[in-house]
file data_17.cif (mmCIF, C-alpha atoms and all ligand atoms)
data_structure
#
loop_
_atom_site.label_atom_id
_atom_site.label_comp_id
_atom_site.auth_asym_id
_atom_site.auth_seq_id
_atom_site.Cartn_x
_atom_site.Cartn_y
_atom_site.Cartn_z
CA MET U 19 -6.76 -108.03 115.00
CA ILE U 20 -9.46 -106.74 117.30
CA PRO U 21 -12.74 -108.68 116.89
CA ASP U 22 -14.76 -105.61 117.89
CA CYS U 23 -13.40 -103.71 114.94
CA ASP U 24 -14.12 -106.47 112.44
CA ALA U 25 -17.67 -106.85 113.65
CA ALA U 26 -18.23 -103.15 113.65
CA ILE U 27 -16.97 -102.73 110.11
CA ALA U 28 -19.16 -105.58 108.88
CA ALA U 29 -22.15 -104.05 110.63
CA ALA U 30 -21.45 -100.71 109.06
CA GLY U 31 -21.06 -102.25 105.61
CA GLY U 32 -17.61 -100.73 105.42
CA GLN U 33 -14.87 -101.75 103.06
CA ILE U 34 -11.19 -101.41 103.69
CA THR U 35 -9.69 -100.05 100.52
CA ALA U 36 -7.13 -97.35 100.06
CA ALA U 37 -8.41 -94.52 97.93
CA GLU U 38 -6.74 -93.51 94.70
CA PRO U 39 -3.59 -91.48 95.22
CA GLN U 40 -4.02 -87.78 94.71
CA ALA U 41 -1.61 -85.20 93.42
CA GLU U 42 0.94 -84.05 95.96
CA GLY U 43 0.42 -80.48 97.09
CA LEU U 44 2.55 -77.57 98.12
CA ALA U 45 2.71 -76.34 101.66
CA THR U 46 -0.51 -74.68 102.85
CA GLU U 47 -2.27 -75.59 99.62
CA ARG U 48 -5.62 -77.28 99.89
CA ILE U 49 -5.93 -80.46 97.87
CA ASP U 50 -9.12 -82.12 96.63
CA ALA U 51 -11.11 -79.42 98.27
CA GLY U 52 -14.61 -80.18 97.18
CA ARG U 53 -16.89 -77.99 99.22
CA GLY U 54 -15.24 -76.96 102.43
CA GLY U 55 -12.57 -79.59 102.76
CA GLY U 56 -9.92 -81.98 101.57
CA ARG U 57 -6.34 -82.14 102.75
CA MET U 58 -4.36 -79.06 103.63
CA GLN U 59 -0.70 -78.98 104.67
CA ILE U 60 -0.63 -76.40 107.45
CA THR U 61 3.13 -76.57 107.82
CA ALA U 62 5.71 -79.15 106.78
CA GLY U 63 4.59 -82.57 108.03
CA LEU U 64 1.28 -81.43 109.51
CA HIS U 65 -1.91 -81.91 107.48
CA SER U 66 -5.51 -80.95 108.22
CA LEU U 67 -8.13 -83.37 106.85
CA GLY U 68 -11.88 -83.02 106.45
CA ASN U 69 -14.74 -81.50 104.49
CA GLU U 70 -18.17 -80.18 105.45
CA LYS U 71 -19.35 -83.46 107.00
CA GLY U 72 -19.77 -83.80 110.74
CA GLY U 73 -19.97 -80.05 111.21
CA TYR U 74 -16.75 -79.38 109.29
CA VAL U 75 -15.03 -81.86 111.56
CA ARG U 76 -11.25 -82.02 111.24
CA ALA U 77 -8.58 -84.65 111.79
CA TYR U 78 -4.82 -84.11 111.70
CA LEU U 79 -2.17 -86.26 110.04
CA LEU U 80 1.39 -85.89 111.33
CA GLU U 81 4.54 -87.09 109.59
CA GLU U 82 6.90 -88.18 112.34
CA ALA U 83 10.33 -89.82 112.19
CA ASP U 84 9.03 -93.33 112.84
CA GLY U 85 5.79 -93.12 110.87
CA LEU U 86 2.45 -91.35 110.79
CA THR U 87 0.27 -90.19 113.67
CA LEU U 88 -3.43 -89.42 113.24
CA VAL U 89 -5.33 -87.22 115.68
CA ASP U 90 -9.06 -88.07 115.40
CA THR U 91 -10.66 -89.94 112.51
CA LEU U 92 -13.43 -87.79 110.94
CA ASP U 93 -17.14 -88.63 110.64
CA GLU U 94 -17.19 -91.11 107.78
CA THR U 95 -16.92 -94.77 108.77
CA ASP U 96 -14.80 -96.01 105.87
CA GLY U 97 -11.79 -93.78 106.61
CA SER U 98 -11.61 -92.83 102.93
CA GLN U 99 -10.41 -89.25 103.40
CA VAL U 100 -7.62 -90.43 105.67
CA PHE U 101 -6.60 -93.23 103.31
CA ALA U 102 -6.55 -90.72 100.44
CA ALA U 103 -4.35 -88.33 102.41
CA ILE U 104 -1.92 -91.10 103.34
CA ALA U 105 -1.64 -92.11 99.68
CA ALA U 106 -1.26 -88.51 98.56
CA ILE U 107 1.86 -88.05 100.68
CA GLY U 108 3.32 -91.26 99.29
CA ARG U 109 2.71 -93.45 102.30
CA GLN U 110 0.84 -96.68 103.06
CA PRO U 111 -1.84 -97.44 105.66
CA ALA U 112 0.76 -99.61 107.45
CA ASP U 113 2.81 -96.46 108.02
CA LEU U 114 0.12 -95.22 110.40
CA LYS U 115 1.56 -96.04 113.83
CA ARG U 116 -0.70 -94.15 116.22
CA ILE U 117 -4.35 -93.02 116.26
CA ILE U 118 -4.92 -90.56 119.09
CA LEU U 119 -8.41 -89.40 120.05
CA SER U 120 -9.21 -85.98 121.45
CA HIS U 121 -12.49 -87.36 122.84
CA GLY U 122 -15.22 -89.87 122.06
CA HIS U 123 -17.90 -87.83 120.28
CA PRO U 124 -19.26 -89.63 117.20
CA SER U 125 -18.01 -87.28 114.47
CA HIS U 126 -14.42 -87.73 115.67
CA ILE U 127 -14.36 -91.53 115.81
CA GLY U 128 -16.18 -92.46 112.58
CA GLY U 129 -13.19 -93.93 110.75
CA LEU U 130 -11.47 -95.43 113.77
CA ALA U 131 -12.42 -99.08 113.33
CA ALA U 132 -11.62 -99.10 109.60
CA LEU U 133 -8.33 -97.29 110.06
CA LYS U 134 -7.19 -99.52 112.87
CA LYS U 135 -8.04 -102.64 110.90
CA ALA U 136 -6.05 -101.47 107.89
CA SER U 137 -3.07 -100.09 109.75
CA HIS U 138 -2.81 -102.00 113.05
CA ALA U 139 -2.04 -98.63 114.60
CA VAL U 140 -2.14 -98.32 118.38
CA VAL U 141 -5.26 -96.41 119.54
CA TYR U 142 -5.00 -93.91 122.40
CA SER U 143 -7.53 -91.89 124.40
CA HIS U 144 -8.19 -90.64 127.90
CA ASP U 145 -9.57 -93.46 130.02
CA TRP U 146 -12.89 -91.63 130.62
CA GLU U 147 -13.59 -91.76 126.88
CA ALA U 148 -12.35 -95.28 126.18
CA ASP U 149 -15.53 -97.16 127.14
CA ILE U 150 -17.59 -94.82 124.96
CA VAL U 151 -15.29 -95.42 121.99
CA ALA U 152 -15.52 -99.18 122.63
CA GLY U 153 -19.32 -99.02 122.66
CA ARG U 154 -19.72 -100.16 126.26
CA ARG U 155 -21.05 -96.85 127.58
CA ALA U 156 -23.24 -94.15 126.00
CA MET U 157 -21.84 -90.67 125.60
CA THR U 158 -22.95 -88.31 128.34
CA LYS U 159 -25.70 -86.06 127.08
CA PRO U 160 -25.54 -82.32 127.66
CA PRO U 161 -27.50 -81.39 130.78
CA SER U 162 -30.05 -79.01 129.29
CA GLY U 163 -30.70 -76.16 126.94
CA LEU U 164 -31.13 -77.98 123.65
CA PHE U 165 -34.73 -76.97 123.09
CA PRO U 166 -35.44 -74.43 121.79
CA PRO U 167 -32.28 -74.30 119.69
CA GLN U 168 -29.55 -71.97 120.82
CA LYS U 169 -27.38 -69.74 118.69
CA PRO U 170 -25.94 -70.25 116.24
CA ILE U 171 -29.04 -71.75 114.68
CA SER U 172 -26.91 -73.39 111.98
CA LEU U 173 -25.76 -75.84 114.65
CA TYR U 174 -29.24 -77.00 115.54
CA LYS U 175 -29.09 -80.33 113.77
CA PHE U 176 -25.80 -81.07 115.49
CA GLN U 177 -27.25 -80.10 118.85
CA VAL U 178 -30.12 -82.48 118.32
CA GLY U 179 -27.92 -85.22 116.94
CA ALA U 180 -25.60 -85.01 119.90
CA ALA U 181 -28.45 -84.88 122.38
CA LEU U 182 -30.17 -87.92 120.99
CA GLY U 183 -27.02 -89.93 120.45
CA LEU U 184 -27.60 -90.17 116.72
CA GLY U 185 -24.74 -90.93 114.41
CA LYS U 186 -23.35 -93.73 116.57
CA LYS U 187 -20.18 -94.98 114.99
CA PRO U 188 -18.53 -98.43 114.73
CA SER U 189 -17.02 -99.21 118.10
CA CYS U 190 -13.36 -100.02 118.55
CA GLU U 191 -11.17 -100.84 121.53
CA VAL U 192 -8.75 -98.24 122.82
CA ASP U 193 -5.36 -99.82 123.41
CA ARG U 194 -3.73 -97.33 125.75
CA HIS U 195 -4.99 -94.61 128.07
CA LEU U 196 -3.45 -91.14 128.23
CA LYS U 197 -3.24 -88.59 131.00
CA ASP U 198 -1.89 -85.07 131.35
CA GLY U 199 1.87 -84.92 130.81
CA ASP U 200 2.19 -88.13 128.82
CA HIS U 201 4.08 -88.14 125.54
CA VAL U 202 2.98 -90.02 122.42
CA GLY U 203 5.35 -89.82 119.47
CA GLY U 204 6.30 -86.15 119.32
CA LEU U 205 3.16 -84.98 121.10
CA GLN U 206 2.74 -83.85 124.68
CA VAL U 207 -0.65 -84.76 126.12
CA LEU U 208 -2.67 -82.00 127.81
CA HIS U 209 -5.80 -82.88 129.76
CA ALA U 210 -8.48 -80.35 128.82
CA PRO U 211 -11.71 -81.28 130.65
CA GLY U 212 -14.92 -79.37 130.07
CA HIS U 213 -16.20 -80.25 126.63
CA THR U 214 -16.12 -83.80 127.98
CA PRO U 215 -14.35 -85.00 131.15
CA GLY U 216 -11.78 -86.90 129.09
CA SER U 217 -11.05 -84.27 126.44
CA LEU U 218 -7.39 -84.08 125.49
CA ALA U 219 -5.33 -81.58 123.51
CA PHE U 220 -1.94 -82.35 122.01
CA TRP U 221 1.12 -80.11 121.76
CA TRP U 222 3.66 -80.62 118.96
CA SER U 223 6.40 -78.32 120.16
CA GLY U 224 8.57 -78.73 117.05
CA LYS U 225 5.81 -77.20 114.96
CA ARG U 226 4.46 -74.80 117.63
CA ALA U 227 1.15 -76.54 116.97
CA LEU U 228 -1.67 -77.36 119.36
CA LEU U 229 -4.23 -79.93 118.23
CA ALA U 230 -7.10 -78.87 120.42
CA GLY U 231 -10.05 -81.15 119.70
CA ASP U 232 -13.37 -79.48 120.53
CA ILE U 233 -12.18 -77.10 123.25
CA VAL U 234 -11.86 -74.46 120.51
CA THR U 235 -13.71 -74.39 117.20
CA THR U 236 -13.52 -72.15 114.13
CA TRP U 237 -16.78 -73.23 112.48
CA PRO U 238 -19.33 -71.77 112.18
CA GLU U 239 -17.58 -69.10 114.23
CA VAL U 240 -14.42 -68.87 116.29
CA ALA U 241 -15.47 -69.90 119.79
CA LEU U 242 -14.72 -71.92 122.90
CA GLY U 243 -16.20 -74.99 121.28
CA TRP U 244 -19.91 -75.58 120.79
CA PRO U 245 -21.51 -74.53 124.06
CA GLN U 246 -24.69 -76.55 123.47
CA ILE U 247 -22.84 -79.87 123.52
CA THR U 248 -20.08 -78.93 125.96
CA LEU U 249 -20.80 -80.64 129.27
CA ASP U 250 -19.17 -77.96 131.46
CA ASN U 251 -18.54 -74.65 129.68
CA ALA U 252 -16.89 -72.97 132.69
CA GLN U 253 -14.44 -75.83 133.03
CA ASN U 254 -13.75 -75.74 129.29
CA ARG U 255 -12.93 -72.04 129.54
CA GLU U 256 -10.48 -72.79 132.35
CA SER U 257 -8.84 -75.51 130.29
CA VAL U 258 -8.39 -73.23 127.28
CA GLY U 259 -6.86 -70.51 129.45
CA ARG U 260 -4.47 -72.92 131.15
CA ILE U 261 -3.28 -74.39 127.87
CA ALA U 262 -2.94 -71.00 126.16
CA ASP U 263 -0.54 -69.92 128.91
CA LEU U 264 1.27 -73.24 129.00
CA VAL U 265 2.30 -73.90 125.42
CA HIS U 266 2.31 -70.61 123.46
CA ALA U 267 0.95 -72.14 120.27
CA GLU U 268 1.14 -70.48 116.88
CA ILE U 269 -0.95 -73.06 115.04
CA VAL U 270 -4.18 -74.29 116.63
CA GLY U 271 -5.88 -77.21 114.89
CA THR U 272 -9.51 -77.27 115.98
CA GLY U 273 -12.07 -80.06 116.02
CA HIS U 274 -14.49 -78.20 113.73
CA GLY U 275 -13.42 -75.69 111.10
CA ASP U 276 -10.08 -74.84 109.54
CA PRO U 277 -6.99 -74.37 111.69
CA ILE U 278 -5.62 -71.12 113.06
CA ARG U 279 -2.31 -70.58 111.28
CA SER U 280 -0.58 -68.09 113.58
CA GLY U 281 -1.08 -66.38 116.91
CA GLY U 282 -3.19 -69.25 118.19
CA ALA U 283 -2.42 -68.84 121.89
CA ASP U 284 -3.38 -65.15 121.71
CA VAL U 285 -6.69 -66.07 120.09
CA MET U 286 -7.36 -68.61 122.84
CA ARG U 287 -6.58 -66.03 125.54
CA ASP U 288 -8.88 -63.48 123.89
CA LEU U 289 -11.69 -66.02 123.71
CA VAL U 290 -11.29 -66.78 127.42
CA ARG U 291 -11.48 -63.05 128.19
CA GLY U 292 -14.52 -62.56 125.96
CA LYS U 293 -12.67 -60.30 123.54
CA ALA U 294 -13.42 -60.10 119.84
CA VAL U 295 -11.01 -62.20 117.79
CA ARG U 296 -9.81 -62.00 114.21
CA PRO U 297 -7.66 -65.09 113.82
CA ASP U 298 -5.46 -66.03 110.90
CA ILE U 299 -7.45 -68.99 109.57
CA ALA U 300 -5.64 -71.27 107.12
CA THR U 301 -8.29 -71.52 104.45
CA THR U 302 -6.03 -70.84 101.43
ZN ZN C 401 -17.11 -83.03 120.82
ZN ZN C 402 -16.83 -82.38 117.71
#

call {"tool": "encode", "arguments": {"input": "data_17.cif", "output": "structure tokens"}}
result
Amino acid sequence: MIPDCDAAIAAAGGQITAAEPQAEGLATERIDAGRGGGRMQITAGLHSLGNEKGGYVRAYLLEEADGLTLVDTLDETDGSQVFAAIAAIGRQPADLKRIILSHGHPSHIGGLAALKKASHAVVYSHDWEADIVAGRRAMTKPPSGLFPPQKPISLYKFQVGAALGLGKKPSCEVDRHLKDGDHVGGLQVLHAPGHTPGSLAFWWSGKRALLAGDIVTTWPEVALGWPQITLDNAQNRESVGRIADLVHAEIVGTGHGDPIRSGGADVMRDLVRGKAVRPDIATT
């Protein structure tokens, strides 16, 4: 047990309880949608989780041979959407073996402490992000341009929140650091600096799926992430182009908004070139 996590959960008033099981769903069917979210099976064994909270933030639950892998942990601090998804596919929190972070921004690490406590999963991130996740270093604020608000205006509250460091989440230790070329479970690790220096994307070759974190977003529009809170937009563009050429993804699971279901690498390439895109978004 990690003392940091226990203290953080107590401070946050969190409780560790698995949510009620939900009805099992068919492939690509959205379950418990509410407004803008729930659990959606993108393809066999790969689920997108999240609702409108945190800027339509998304996490991804992977069914692997030796257990479950979670990529990012959503905004809420009690992990309830993740626990509900685990129950809905007939599994237990203890089946969660790995929690892998795309980066350390608050809306992606909300449930981390609660999920680690319940599952004893091993937590992974890039080493640049690990001290932020552990609460020992503040996230790096975007250099400029937050005031007046930039387009799209609908993102203004997130721009401000990110700039001021609001929404700080329970801290939790990262157990292992990842670098480009590493493998975790069935995922290949791709270093994708730009949004943050330690941003990572993950390639699940068996599913032709790229889990991209915030280097690409589909909410509120399909874009190379949110430029207002991306620390180096030119570097992010380079990262997206490199990865699009490297892994030829069909599915692209983004950090905010529903996943691209097919032709993902082409969409990424078009974004890098500044072309208009009309992706196949898995909204069901
Ligand atoms: Zn981010
Ligand atoms: Zn984000």

call {"tool": "closest_residue", "arguments": {"input": "data_17.cif", "among": "U:Glu70, U:Asp232, U:Glu82, U:Glu191", "to": "ligand ZN 402 (chain C)", "atoms": "all atoms listed in the file"}}
result
U:Asp232

call {"tool": "closest_residue", "arguments": {"input": "data_17.cif", "among": "U:Pro124, U:Gly224, U:Pro297, U:Pro160", "to": "ligand ZN 401 (chain C)", "atoms": "all atoms listed in the file"}}
result
U:Pro124

call {"tool": "closest_residue", "arguments": {"input": "data_17.cif", "among": "U:Ala227, U:Val202, U:Met286, U:Leu218", "to": "ligand ZN 401 (chain C)", "atoms": "only C-alpha atoms and all ligand atoms"}}
result
U:Leu218

call {"tool": "closest_residue", "arguments": {"input": "data_17.cif", "among": "U:Ile127, U:Ala83, U:Ala241, U:Ala103", "to": "ligand ZN 402 (chain C)", "atoms": "only C-alpha atoms and all ligand atoms"}}
result
U:Ile127

call {"tool": "closest_residue", "arguments": {"input": "data_17.cif", "among": "U:Gly97, U:Gly72, U:Gly259, U:Gly153", "to": "ligand ZN 401 (chain C)", "atoms": "all atoms listed in the file"}}
result
U:Gly72

call {"tool": "closest_atom_pairs", "arguments": {"input": "data_17.cif", "of": "chain U", "to": "ligand ZN 402 (chain C)", "cutoff": "7 Å", "atoms": "only C-alpha atoms and all ligand atoms", "output": "tab-separated table"}}
result
residue	atom	partner	partner_atom	distance
U:Val75	CA	C:ZN402	ZN	6.4
U:His123	CA	C:ZN402	ZN	6.1
U:Ser125	CA	C:ZN402	ZN	6.0
U:His126	CA	C:ZN402	ZN	6.2
U:Asp232	CA	C:ZN402	ZN	5.3
U:Gly273	CA	C:ZN402	ZN	5.6
U:His274	CA	C:ZN402	ZN	6.2

call {"tool": "axis_aligned_box", "arguments": {"input": "data_17.cif", "around": "segment 247-251 of chain U", "padding_each_side": "5 Å", "output": "AutoDock Vina command-line options"}}
result
--center_x -20.7 --center_y -77.6 --center_z 127.5 --size_x 14.3 --size_y 16.0 --size_z 17.9

call {"tool": "closest_residue", "arguments": {"input": "data_17.cif", "among": "U:Lys187, U:Ser98, U:Asn251, U:Arg226", "to": "Gly204 of chain U", "atoms": "only C-alpha atoms"}}
result
U:Arg226

call {"tool": "residues_near_ligand", "arguments": {"input": "data_17.cif", "ligand": "ligand ZN 401 (chain C)", "cutoff": "12 Å", "atoms": "all atoms listed in the file", "output": "PDB file with C-alpha atoms, keeping the file's coordinate frame"}}
result
ATOM      1  CA  GLY U  72     -19.770 -83.800 110.740  1.00  0.00           C
ATOM      2  CA  GLY U  73     -19.970 -80.050 111.210  1.00  0.00           C
ATOM      3  CA  VAL U  75     -15.030 -81.860 111.560  1.00  0.00           C
ATOM      4  CA  ARG U  76     -11.250 -82.020 111.240  1.00  0.00           C
ATOM      5  CA  ASP U  90      -9.060 -88.070 115.400  1.00  0.00           C
ATOM      6  CA  LEU U  92     -13.430 -87.790 110.940  1.00  0.00           C
ATOM      7  CA  ASP U  93     -17.140 -88.630 110.640  1.00  0.00           C
ATOM      8  CA  LEU U 119      -8.410 -89.400 120.050  1.00  0.00           C
ATOM      9  CA  SER U 120      -9.210 -85.980 121.450  1.00  0.00           C
ATOM     10  CA  HIS U 121     -12.490 -87.360 122.840  1.00  0.00           C
ATOM     11  CA  GLY U 122     -15.220 -89.870 122.060  1.00  0.00           C
ATOM     12  CA  HIS U 123     -17.900 -87.830 120.280  1.00  0.00           C
ATOM     13  CA  PRO U 124     -19.260 -89.630 117.200  1.00  0.00           C
ATOM     14  CA  SER U 125     -18.010 -87.280 114.470  1.00  0.00           C
ATOM     15  CA  HIS U 126     -14.420 -87.730 115.670  1.00  0.00           C
ATOM     16  CA  ILE U 127     -14.360 -91.530 115.810  1.00  0.00           C
ATOM     17  CA  GLU U 147     -13.590 -91.760 126.880  1.00  0.00           C
ATOM     18  CA  MET U 157     -21.840 -90.670 125.600  1.00  0.00           C
ATOM     19  CA  THR U 158     -22.950 -88.310 128.340  1.00  0.00           C
ATOM     20  CA  LYS U 159     -25.700 -86.060 127.080  1.00  0.00           C
ATOM     21  CA  PRO U 160     -25.540 -82.320 127.660  1.00  0.00           C
ATOM     22  CA  PHE U 176     -25.800 -81.070 115.490  1.00  0.00           C
ATOM     23  CA  GLN U 177     -27.250 -80.100 118.850  1.00  0.00           C
ATOM     24  CA  GLY U 179     -27.920 -85.220 116.940  1.00  0.00           C
ATOM     25  CA  ALA U 180     -25.600 -85.010 119.900  1.00  0.00           C
ATOM     26  CA  ALA U 181     -28.450 -84.880 122.380  1.00  0.00           C
ATOM     27  CA  PRO U 211     -11.710 -81.280 130.650  1.00  0.00           C
ATOM     28  CA  GLY U 212     -14.920 -79.370 130.070  1.00  0.00           C
ATOM     29  CA  HIS U 213     -16.200 -80.250 126.630  1.00  0.00           C
ATOM     30  CA  THR U 214     -16.120 -83.800 127.980  1.00  0.00           C
ATOM     31  CA  PRO U 215     -14.350 -85.000 131.150  1.00  0.00           C
ATOM     32  CA  GLY U 216     -11.780 -86.900 129.090  1.00  0.00           C
ATOM     33  CA  SER U 217     -11.050 -84.270 126.440  1.00  0.00           C
ATOM     34  CA  LEU U 218      -7.390 -84.080 125.490  1.00  0.00           C
ATOM     35  CA  ALA U 230      -7.100 -78.870 120.420  1.00  0.00           C
ATOM     36  CA  GLY U 231     -10.050 -81.150 119.700  1.00  0.00           C
ATOM     37  CA  ASP U 232     -13.370 -79.480 120.530  1.00  0.00           C
ATOM     38  CA  ILE U 233     -12.180 -77.100 123.250  1.00  0.00           C
ATOM     39  CA  VAL U 234     -11.860 -74.460 120.510  1.00  0.00           C
ATOM     40  CA  THR U 235     -13.710 -74.390 117.200  1.00  0.00           C
ATOM     41  CA  LEU U 242     -14.720 -71.920 122.900  1.00  0.00           C
ATOM     42  CA  GLY U 243     -16.200 -74.990 121.280  1.00  0.00           C
ATOM     43  CA  TRP U 244     -19.910 -75.580 120.790  1.00  0.00           C
ATOM     44  CA  PRO U 245     -21.510 -74.530 124.060  1.00  0.00           C
ATOM     45  CA  GLN U 246     -24.690 -76.550 123.470  1.00  0.00           C
ATOM     46  CA  ILE U 247     -22.840 -79.870 123.520  1.00  0.00           C
ATOM     47  CA  THR U 248     -20.080 -78.930 125.960  1.00  0.00           C
ATOM     48  CA  LEU U 249     -20.800 -80.640 129.270  1.00  0.00           C
ATOM     49  CA  ASP U 250     -19.170 -77.960 131.460  1.00  0.00           C
ATOM     50  CA  ASN U 254     -13.750 -75.740 129.290  1.00  0.00           C
ATOM     51  CA  THR U 272      -9.510 -77.270 115.980  1.00  0.00           C
ATOM     52  CA  GLY U 273     -12.070 -80.060 116.020  1.00  0.00           C
ATOM     53  CA  HIS U 274     -14.490 -78.200 113.730  1.00  0.00           C
TER      54      HIS U 274
END

call {"tool": "atom_distance", "arguments": {"input": "data_17.cif", "atom1": "atom CA of Leu88 of chain U", "atom2": "atom CA of Asp145 of chain U"}}
result
18.3 Å
